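Raw contents of target.txt, compact mmCIF, C-alpha atoms:
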# COMPACT_ATOMS: atom_id res chain seq x y z
CA MET Z 1 -46.39 -74.75 -45.51
CA LEU Z 2 -45.04 -77.49 -47.76
CA ILE Z 3 -44.25 -74.99 -50.52
CA ALA Z 4 -42.61 -72.63 -48.01
CA GLY Z 5 -40.52 -75.49 -46.64
CA VAL Z 6 -39.35 -76.48 -50.12
CA LEU Z 7 -38.40 -72.87 -50.90
CA VAL Z 8 -36.44 -72.56 -47.68
CA ALA Z 9 -34.66 -75.83 -48.40
CA LEU Z 10 -33.75 -74.65 -51.91
CA ILE Z 11 -32.42 -71.36 -50.56
CA VAL Z 12 -30.30 -73.20 -48.01
CA VAL Z 13 -28.94 -75.55 -50.69
CA VAL Z 14 -28.02 -72.61 -52.94
CA TRP Z 15 -26.47 -70.66 -50.05
CA LEU Z 16 -24.39 -73.61 -48.87
CA GLY Z 17 -22.99 -74.08 -52.36
CA PHE Z 18 -21.49 -70.60 -52.24
CA GLN Z 19 -19.88 -71.20 -48.83
CA ILE Z 20 -17.63 -73.94 -50.20
CA GLN Z 21 -14.25 -72.78 -51.43
CA PRO Z 22 -13.00 -74.25 -54.70
CA SER Z 23 -9.77 -76.14 -55.00
CA GLU Z 24 -6.88 -74.29 -56.55
CA PHE Z 25 -5.99 -74.76 -60.19
CA ALA Z 26 -3.45 -77.45 -60.95
CA ALA Z 27 0.13 -76.21 -61.14
CA PRO Z 28 0.91 -74.74 -64.58
CA PRO Z 29 3.00 -77.04 -66.79
CA PHE Z 30 6.09 -74.83 -66.85
CA GLU Z 31 9.43 -74.83 -65.08
CA GLU Z 32 10.48 -71.77 -63.12
CA GLN Z 33 13.82 -70.23 -64.02
CA GLU Z 34 15.93 -68.45 -61.41
CA PRO Z 35 15.82 -64.69 -62.08
CA GLU Z 36 19.04 -62.71 -62.22
CA THR Z 37 19.50 -59.79 -59.86
CA VAL Z 38 20.63 -56.21 -60.45
CA PRO Z 39 21.23 -53.25 -58.12
CA ILE Z 40 18.39 -50.84 -57.35
CA PRO Z 41 18.73 -47.95 -59.84
CA PRO Z 42 19.79 -44.60 -58.34
CA GLY Z 43 17.64 -41.48 -58.26
CA LEU Z 44 14.33 -43.01 -57.18
CA PRO Z 45 11.96 -41.21 -54.78
CA ALA Z 46 12.73 -42.25 -51.20
CA PRO Z 47 9.53 -44.27 -50.57
CA VAL Z 48 10.01 -46.19 -53.83
CA GLU Z 49 13.59 -47.14 -52.97
CA ARG Z 50 12.54 -48.16 -49.46
CA PHE Z 51 9.70 -50.29 -50.88
CA LEU Z 52 12.14 -52.15 -53.14
CA ARG Z 53 14.60 -52.74 -50.30
CA VAL Z 54 11.84 -54.16 -48.09
CA THR Z 55 10.42 -56.28 -50.93
CA TYR Z 56 13.72 -57.86 -51.96
CA GLY Z 57 15.54 -57.73 -48.65
CA GLY Z 58 18.45 -55.56 -49.74
CA ASP Z 59 19.86 -53.50 -52.59
CA GLN Z 60 19.51 -56.21 -55.27
CA ILE Z 61 16.21 -56.68 -57.17
CA LEU Z 62 14.96 -59.53 -59.35
CA VAL Z 63 14.76 -59.20 -63.13
CA VAL Z 64 11.39 -60.80 -63.84
CA LYS Z 65 10.20 -61.36 -67.40
CA THR Z 66 7.12 -63.57 -66.96
CA VAL Z 67 4.88 -64.35 -63.99
CA VAL Z 68 2.07 -66.84 -63.42
CA LEU Z 69 -0.03 -66.13 -60.29
CA SER Z 70 -2.63 -68.58 -59.00
CA GLY Z 71 -4.99 -68.51 -56.05
CA LEU Z 72 -8.48 -68.09 -54.67
CA ALA Z 73 -10.81 -65.09 -54.64
CA LYS Z 74 -14.12 -63.67 -53.55
CA MET Z 75 -15.91 -61.68 -56.22
CA LYS Z 76 -19.09 -59.76 -56.98
CA PRO Z 77 -19.67 -60.55 -60.67
CA GLY Z 78 -22.88 -58.56 -60.77
CA GLY Z 79 -24.77 -58.96 -57.51
CA PRO Z 80 -24.61 -57.73 -53.92
CA TRP Z 81 -22.92 -60.84 -52.47
CA TYR Z 82 -19.39 -62.15 -52.65
CA LEU Z 83 -19.05 -65.47 -54.44
CA PRO Z 84 -16.12 -67.90 -54.21
CA ALA Z 85 -13.74 -68.10 -57.14
CA ARG Z 86 -10.32 -69.25 -58.24
CA PHE Z 87 -8.01 -67.40 -60.58
CA ARG Z 88 -4.90 -67.50 -62.68
CA PHE Z 89 -3.06 -64.36 -63.85
CA ILE Z 90 -0.39 -64.62 -66.56
CA HIS Z 91 1.98 -61.71 -67.21
CA ASN Z 92 4.50 -60.93 -69.88
CA VAL Z 93 5.78 -58.32 -67.48
CA GLY Z 94 5.06 -54.74 -68.50
CA HIS Z 95 3.57 -55.70 -71.87
CA ASP Z 96 0.78 -58.29 -71.78
CA TYR Z 97 -1.45 -60.06 -69.30
CA ARG Z 98 -4.34 -62.51 -69.22
CA HIS Z 99 -6.80 -63.19 -66.38
CA TYR Z 100 -8.85 -66.34 -66.05
CA PHE Z 101 -11.48 -66.60 -63.28
CA GLU Z 102 -13.95 -69.27 -62.32
CA VAL Z 103 -16.80 -68.40 -59.96
CA THR Z 104 -17.85 -71.64 -58.32
CA TRP Z 105 -20.81 -73.30 -56.59
CA TYR Z 106 -20.07 -76.38 -54.48
CA GLY Z 107 -16.58 -76.06 -55.92
CA LEU Z 108 -17.81 -76.42 -59.50
CA PRO Z 109 -17.38 -73.61 -62.05
CA ILE Z 110 -20.60 -71.77 -62.92
CA LEU Z 111 -19.09 -68.64 -64.49
CA LYS Z 112 -15.84 -68.51 -66.47
CA VAL Z 113 -14.22 -65.21 -67.38
CA ASN Z 114 -11.34 -64.50 -69.75
CA GLU Z 115 -9.95 -60.98 -69.92
CA GLY Z 116 -6.66 -59.33 -70.68
CA TYR Z 117 -4.46 -57.06 -72.71
CA VAL Z 118 -2.26 -58.91 -75.20
CA ASP Z 119 -0.30 -57.48 -78.14
CA GLY Z 120 -1.85 -54.09 -77.39
CA LEU Z 121 -5.40 -55.46 -77.74
CA SER Z 122 -7.88 -55.74 -74.87
CA PHE Z 123 -10.54 -58.41 -74.52
CA PHE Z 124 -13.27 -59.55 -72.12
CA ALA Z 125 -15.46 -62.63 -72.48
CA ALA Z 126 -17.88 -64.24 -70.02
CA PRO Z 127 -21.02 -66.31 -70.67
CA LEU Z 128 -24.24 -64.52 -69.65
CA ILE Z 129 -22.32 -61.26 -69.15
CA GLY Z 130 -21.07 -60.63 -72.67
CA ALA Z 131 -17.93 -60.09 -74.69
CA GLU Z 132 -15.98 -57.04 -75.81
CA ALA Z 133 -12.69 -56.58 -77.60
CA ASN Z 134 -10.30 -53.71 -78.18
CA HIS Z 135 -12.63 -50.90 -77.17
CA PRO Z 136 -10.56 -47.80 -76.26
CA LYS Z 137 -12.16 -47.53 -72.80
CA LEU Z 138 -11.68 -51.25 -72.15
CA SER Z 139 -8.05 -50.97 -73.21
CA GLN Z 140 -7.45 -48.02 -70.88
CA GLY Z 141 -8.70 -50.01 -67.90
CA ALA Z 142 -6.84 -53.15 -68.95
CA ASN Z 143 -3.55 -51.29 -69.20
CA LEU Z 144 -4.00 -49.92 -65.69
CA ALA Z 145 -4.77 -53.42 -64.40
CA LEU Z 146 -1.52 -54.63 -65.96
CA TRP Z 147 0.57 -52.02 -64.16
CA SER Z 148 -1.25 -52.22 -60.83
CA GLU Z 149 -0.54 -55.96 -60.65
CA THR Z 150 3.12 -55.33 -61.46
CA PHE Z 151 3.48 -54.08 -57.87
CA MET Z 152 3.61 -57.77 -56.90
CA PHE Z 153 6.91 -58.07 -58.79
CA PRO Z 154 7.92 -54.39 -58.69
CA ALA Z 155 11.44 -54.47 -60.12
CA ALA Z 156 9.83 -53.92 -63.53
CA LEU Z 157 8.52 -50.58 -62.25
CA VAL Z 158 12.06 -49.21 -62.05
CA LEU Z 159 13.86 -51.21 -64.74
CA ASP Z 160 11.46 -50.54 -67.63
CA PRO Z 161 12.69 -47.42 -69.49
CA ARG Z 162 9.09 -46.50 -70.37
CA VAL Z 163 8.22 -46.02 -66.69
CA SER Z 164 9.09 -43.02 -64.52
CA TRP Z 165 8.51 -41.87 -60.93
CA GLN Z 166 7.79 -38.47 -59.41
CA ALA Z 167 8.42 -37.64 -55.76
CA VAL Z 168 5.49 -36.26 -53.74
CA ASP Z 169 6.26 -36.73 -50.03
CA ALA Z 170 7.73 -39.26 -47.61
CA ASP Z 171 4.88 -41.73 -48.14
CA THR Z 172 3.57 -40.91 -51.63
CA SER Z 173 4.93 -41.03 -55.17
CA ILE Z 174 3.45 -40.84 -58.66
CA LEU Z 175 4.07 -43.63 -61.14
CA ASN Z 176 3.90 -42.74 -64.85
CA VAL Z 177 3.20 -45.72 -67.13
CA PRO Z 178 2.87 -46.00 -70.91
CA PHE Z 179 -0.47 -46.34 -72.65
CA GLU Z 180 -0.42 -46.39 -76.45
CA ASP Z 181 1.25 -43.12 -77.46
CA ALA Z 182 0.75 -41.38 -74.12
CA THR Z 183 1.26 -41.95 -70.39
CA GLU Z 184 -1.02 -42.32 -67.39
CA SER Z 185 -0.25 -41.37 -63.81
CA ILE Z 186 -0.97 -43.53 -60.76
CA VAL Z 187 -0.76 -42.11 -57.23
CA VAL Z 188 1.00 -44.70 -55.06
CA ARG Z 189 0.77 -44.57 -51.26
CA PHE Z 190 3.19 -46.35 -48.94
CA ASP Z 191 2.79 -47.46 -45.34
CA PRO Z 192 4.99 -45.17 -43.19
CA ALA Z 193 5.71 -48.02 -40.75
CA THR Z 194 6.55 -50.87 -43.13
CA GLY Z 195 7.45 -49.05 -46.33
CA LEU Z 196 5.15 -51.34 -48.34
CA VAL Z 197 2.56 -50.14 -50.85
CA THR Z 198 -0.92 -49.78 -49.38
CA THR Z 199 -3.04 -48.30 -52.19
CA MET Z 200 -2.91 -46.98 -55.73
CA GLU Z 201 -5.27 -44.33 -57.08
CA VAL Z 202 -6.02 -43.64 -60.73
CA MET Z 203 -8.90 -42.48 -62.92
CA ARG Z 204 -10.27 -45.37 -65.00
CA TYR Z 205 -13.27 -46.14 -67.18
CA ARG Z 206 -15.46 -48.63 -65.35
CA SER Z 207 -17.19 -49.78 -68.53
CA THR Z 208 -17.25 -49.01 -72.23
CA THR Z 209 -20.53 -47.15 -71.79
CA ASP Z 210 -19.28 -44.70 -69.14
CA ASP Z 211 -18.82 -41.10 -70.29
CA LYS Z 212 -16.51 -40.23 -67.42
CA LYS Z 213 -13.74 -41.99 -65.57
CA THR Z 214 -14.14 -43.07 -61.94
CA LEU Z 215 -11.42 -43.16 -59.29
CA TRP Z 216 -10.19 -46.76 -59.09
CA ILE Z 217 -8.35 -47.86 -55.93
CA PRO Z 218 -6.41 -51.13 -56.00
CA SER Z 219 -5.01 -52.00 -52.58
CA ASN Z 220 -2.51 -54.45 -51.14
CA ASP Z 221 -4.31 -55.78 -48.09
CA GLU Z 222 -1.91 -58.38 -46.74
CA TYR Z 223 1.74 -59.21 -47.38
CA ALA Z 224 3.62 -62.50 -47.11
CA VAL Z 225 7.01 -63.89 -48.08
CA ILE Z 226 6.51 -66.08 -51.16
CA ASP Z 227 9.58 -67.76 -52.66
CA GLY Z 228 11.84 -65.38 -50.76
CA THR Z 229 10.13 -62.18 -51.93
CA THR Z 230 7.80 -60.03 -49.85
CA MET Z 231 4.67 -59.54 -51.94
CA ALA Z 232 0.96 -58.83 -51.61
CA ALA Z 233 -0.66 -62.14 -50.71
CA ALA Z 234 -4.10 -60.49 -50.66
CA GLY Z 235 -5.19 -57.61 -52.85
CA SER Z 236 -8.48 -55.97 -53.70
CA ALA Z 237 -9.94 -53.33 -56.02
CA THR Z 238 -12.57 -50.73 -55.13
CA TRP Z 239 -14.38 -48.04 -57.07
CA PHE Z 240 -14.50 -44.73 -55.21
CA ASP Z 241 -18.29 -44.53 -55.30
CA GLN Z 242 -18.74 -48.04 -53.89
CA LYS Z 243 -18.43 -48.94 -50.23
CA TYR Z 244 -16.84 -52.37 -50.67
CA ALA Z 245 -14.24 -53.92 -52.96
CA TRP Z 246 -15.73 -55.73 -55.95
CA ALA Z 247 -13.12 -58.49 -55.59
CA THR Z 248 -10.32 -59.69 -53.31
CA PHE Z 249 -7.62 -62.06 -54.55
CA TYR Z 250 -5.55 -64.37 -52.35
CA THR Z 251 -2.36 -65.46 -54.11
CA LYS Z 252 -1.24 -68.99 -53.26
CA ASP Z 253 1.37 -69.77 -55.92
CA VAL Z 254 3.85 -67.70 -57.94
CA LEU Z 255 5.86 -68.91 -60.95
CA LEU Z 256 8.65 -66.64 -62.21
CA ASN Z 257 10.43 -66.46 -65.56
CA ALA Z 258 8.89 -69.61 -67.02
CA GLU Z 259 8.86 -70.13 -70.78
CA ILE Z 260 5.11 -69.72 -71.11
CA GLY Z 261 5.02 -69.62 -74.92
CA ASP Z 262 1.51 -68.84 -76.22
CA TYR Z 263 -0.12 -69.61 -72.87
CA ILE Z 264 -0.85 -65.91 -72.43
CA ARG Z 265 -2.84 -65.98 -75.72
CA ALA Z 266 -4.85 -69.08 -74.83
CA ARG Z 267 -8.30 -69.13 -73.24
CA GLY Z 268 -9.26 -71.00 -70.10
CA GLU Z 269 -7.08 -72.37 -67.33
Have the structure of the file written as structure tokens, please.
Amino acid sequence: MLIAGVLVALIVVVWLGFQIQPSEFAAPPFEEQEPETVPIPPGLPAPVERFLRVTYGGDQILVVKTVVLSGLAKMKPGGPWYLPARFRFIHNVGHDYRHYFEVTWYGLPILKVNEGYVDGLSFFAAPLIGAEANHPKLSQGANLALWSETFMFPAALVLDPRVSWQAVDADTSILNVPFEDATESIVVRFDPATGLVTTMEVMRYRSTTDDKKTLWIPSNDEYAVIDGTTMAAAGSATWFDQKYAWATFYTKDVLLNAEIGDYIRARGE
């Protein structure tokens, strides 16, 4: 009975540690610069134009060059349960990005993850999980992550000359994005009531050992007005053959057009 009681107490202590949300990262040490605005380009599919008008509140869109997103998350880094985490995403919009996550226990980091796609090279590093760099399958997934997150600051999706759109129907369009010397196509679905993006669908390698791609479905789960722009305040990502999202991210802070220097090439917070 004593041993059983100790085991129960240990389980409760461990469980409680994962119920405590971490604090957010400290504000990044950069000053935001006011983005310029330009008119929405002509000739876009109707749901894409409507999405931009709803996002920016009119016919002018923001020219965004860099973005730093910070917030909290719940993640499944390898087990059946969601664990609390905090994150920071850094984007050189349309070209490079870096993710930094910390899974926490009693608010303290127990797993730190660095991943990204910088200067055309992909990387992933996490203690106990492993590290990989510049594998073709890793790079394919990283490039898709870059463009799926760009929907949070979507002007780049119509101002970048490497990107194109195809009309499908009133609530669906196809986004073509660059990847190395080719392009990849993402099916984008819009809410018929609000005009906002609901989900994206694209075939992606889940790991470097997979022989075939799996349908990957990023979704924008909740919108909010942040710094005057309507954007996804909560987003998740789900593999088609899994019932639940492997992670959900709750954005709390957005920094636009800061001079981030080599911050995107650093490691850690």
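Of the listed residues Z:Pro47, Z:Pro84, Z:Pro35, Z:Pro29, the one whose atoms come nearest to Trp15 (chain Z) is Z:Pro84, with distances taken using all atoms listed in the file.
Using all atoms listed in the file, the shortest contact distance between Thr208 (chain Z) and any of Z:Ala247, Z:Leu138, Z:Ala266, Z:Ala73 is found at Z:Leu138.
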Exercise. Hey, can you check how far CA of Phe190 (chain Z) sits from CA of Arg86 (chain Z)?
Worked result: 28.2 Å
Build an axis-aligned box that encloses every atom of region 123-128 of chain Z listed in the file, pad it by 8 Å on each side, and report its centre and edge lengths in Å to one decimal, as lines of an AutoDock Vina configuration file.
center_x = -17.4
center_y = -62.4
center_z = -72.1
size_x = 29.7
size_y = 23.9
size_z = 20.9
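In terms of minimum interatomic distance to Tyr223 (chain Z), Z:Phe151 ranks closest within Z:Phe151, Z:Gln21, Z:Ala182, Z:Val118, counting only C-alpha atoms.
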Problem set entry | Interatomic distance (Å, one decimal) between CA of Leu144 (chain Z) and CA of Val202 (chain Z) | 8.3 Å
For this session: Please provide the set of residues having any atom within 10 Å of Leu128 (chain Z), restricted to only C-alpha atoms, with same-chain residues fewer than 2 positions apart removed, written as a ChimeraX atom specification.
Result: /Z:111-112,125-126,130-131
Exercise. Near Ser173 (chain Z), counting all atoms listed in the file, which residues have an atom at most 8 Å away, once you skip same-chain residues fewer than 4 positions from it, shown as a ChimeraX atom specification?
Worked result: /Z:45,47-48,165-169,187-189
Residues of region 88-203 of chain Z that have any atom at most 6 Å from an atom of region 216-220 of chain Z: could you tabulate them with the shortest-distance atom pair and the distance in Å to one decimal, using only C-alpha atoms, ordered by chain and increasing number, as a Markdown table?
| residue | atom | partner | partner_atom | distance |
| --- | --- | --- | --- | --- |
| Z:Thr198 | CA | Z:Asn220 | CA | 5.2 |
| Z:Thr199 | CA | Z:Ser219 | CA | 4.2 |
| Z:Met200 | CA | Z:Pro218 | CA | 5.4 |
| Z:Glu201 | CA | Z:Ile217 | CA | 4.8 |
| Z:Val202 | CA | Z:Trp216 | CA | 5.5 |
| Z:Met203 | CA | Z:Trp216 | CA | 5.9 |
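CA of Glu149 (chain Z) is found 19.2 Å from CA of Pro28 (chain Z).
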Excluding region 224-232 of chain Z and residues on its chain fewer than 2 positions from it, collect all residues at most 8 Å away from it, counting all atoms listed in the file, and give them as a compact mmCIF listing (two decimals) with C-alpha atoms, in the coordinates of the input.
# COMPACT_ATOMS: atom_id res chain seq x y z
CA VAL Z 54 11.84 -54.16 -48.09
CA THR Z 55 10.42 -56.28 -50.93
CA TYR Z 56 13.72 -57.86 -51.96
CA GLY Z 57 15.54 -57.73 -48.65
CA MET Z 152 3.61 -57.77 -56.90
CA PHE Z 153 6.91 -58.07 -58.79
CA ASN Z 220 -2.51 -54.45 -51.14
CA ASP Z 221 -4.31 -55.78 -48.09
CA GLU Z 222 -1.91 -58.38 -46.74
CA ALA Z 234 -4.10 -60.49 -50.66
CA GLY Z 235 -5.19 -57.61 -52.85
CA THR Z 251 -2.36 -65.46 -54.11
CA ASP Z 253 1.37 -69.77 -55.92
CA VAL Z 254 3.85 -67.70 -57.94
For this session: Identify, on the basis of all atoms listed in the file, every residue whose closest approach to Thr214 (chain Z) does not exceed 12 Å; exclude the query and any residue fewer than 6 positions from it along the same chain; express the result as a PyMOL selection string.
Result: chain Z and resi 137+141+201-207+238-242
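The closest residue to Ala170 (chain Z), picked from Z:Pro154, Z:Gly116, Z:Gly43, Z:Pro192 and counting only C-alpha atoms, is Z:Pro192.
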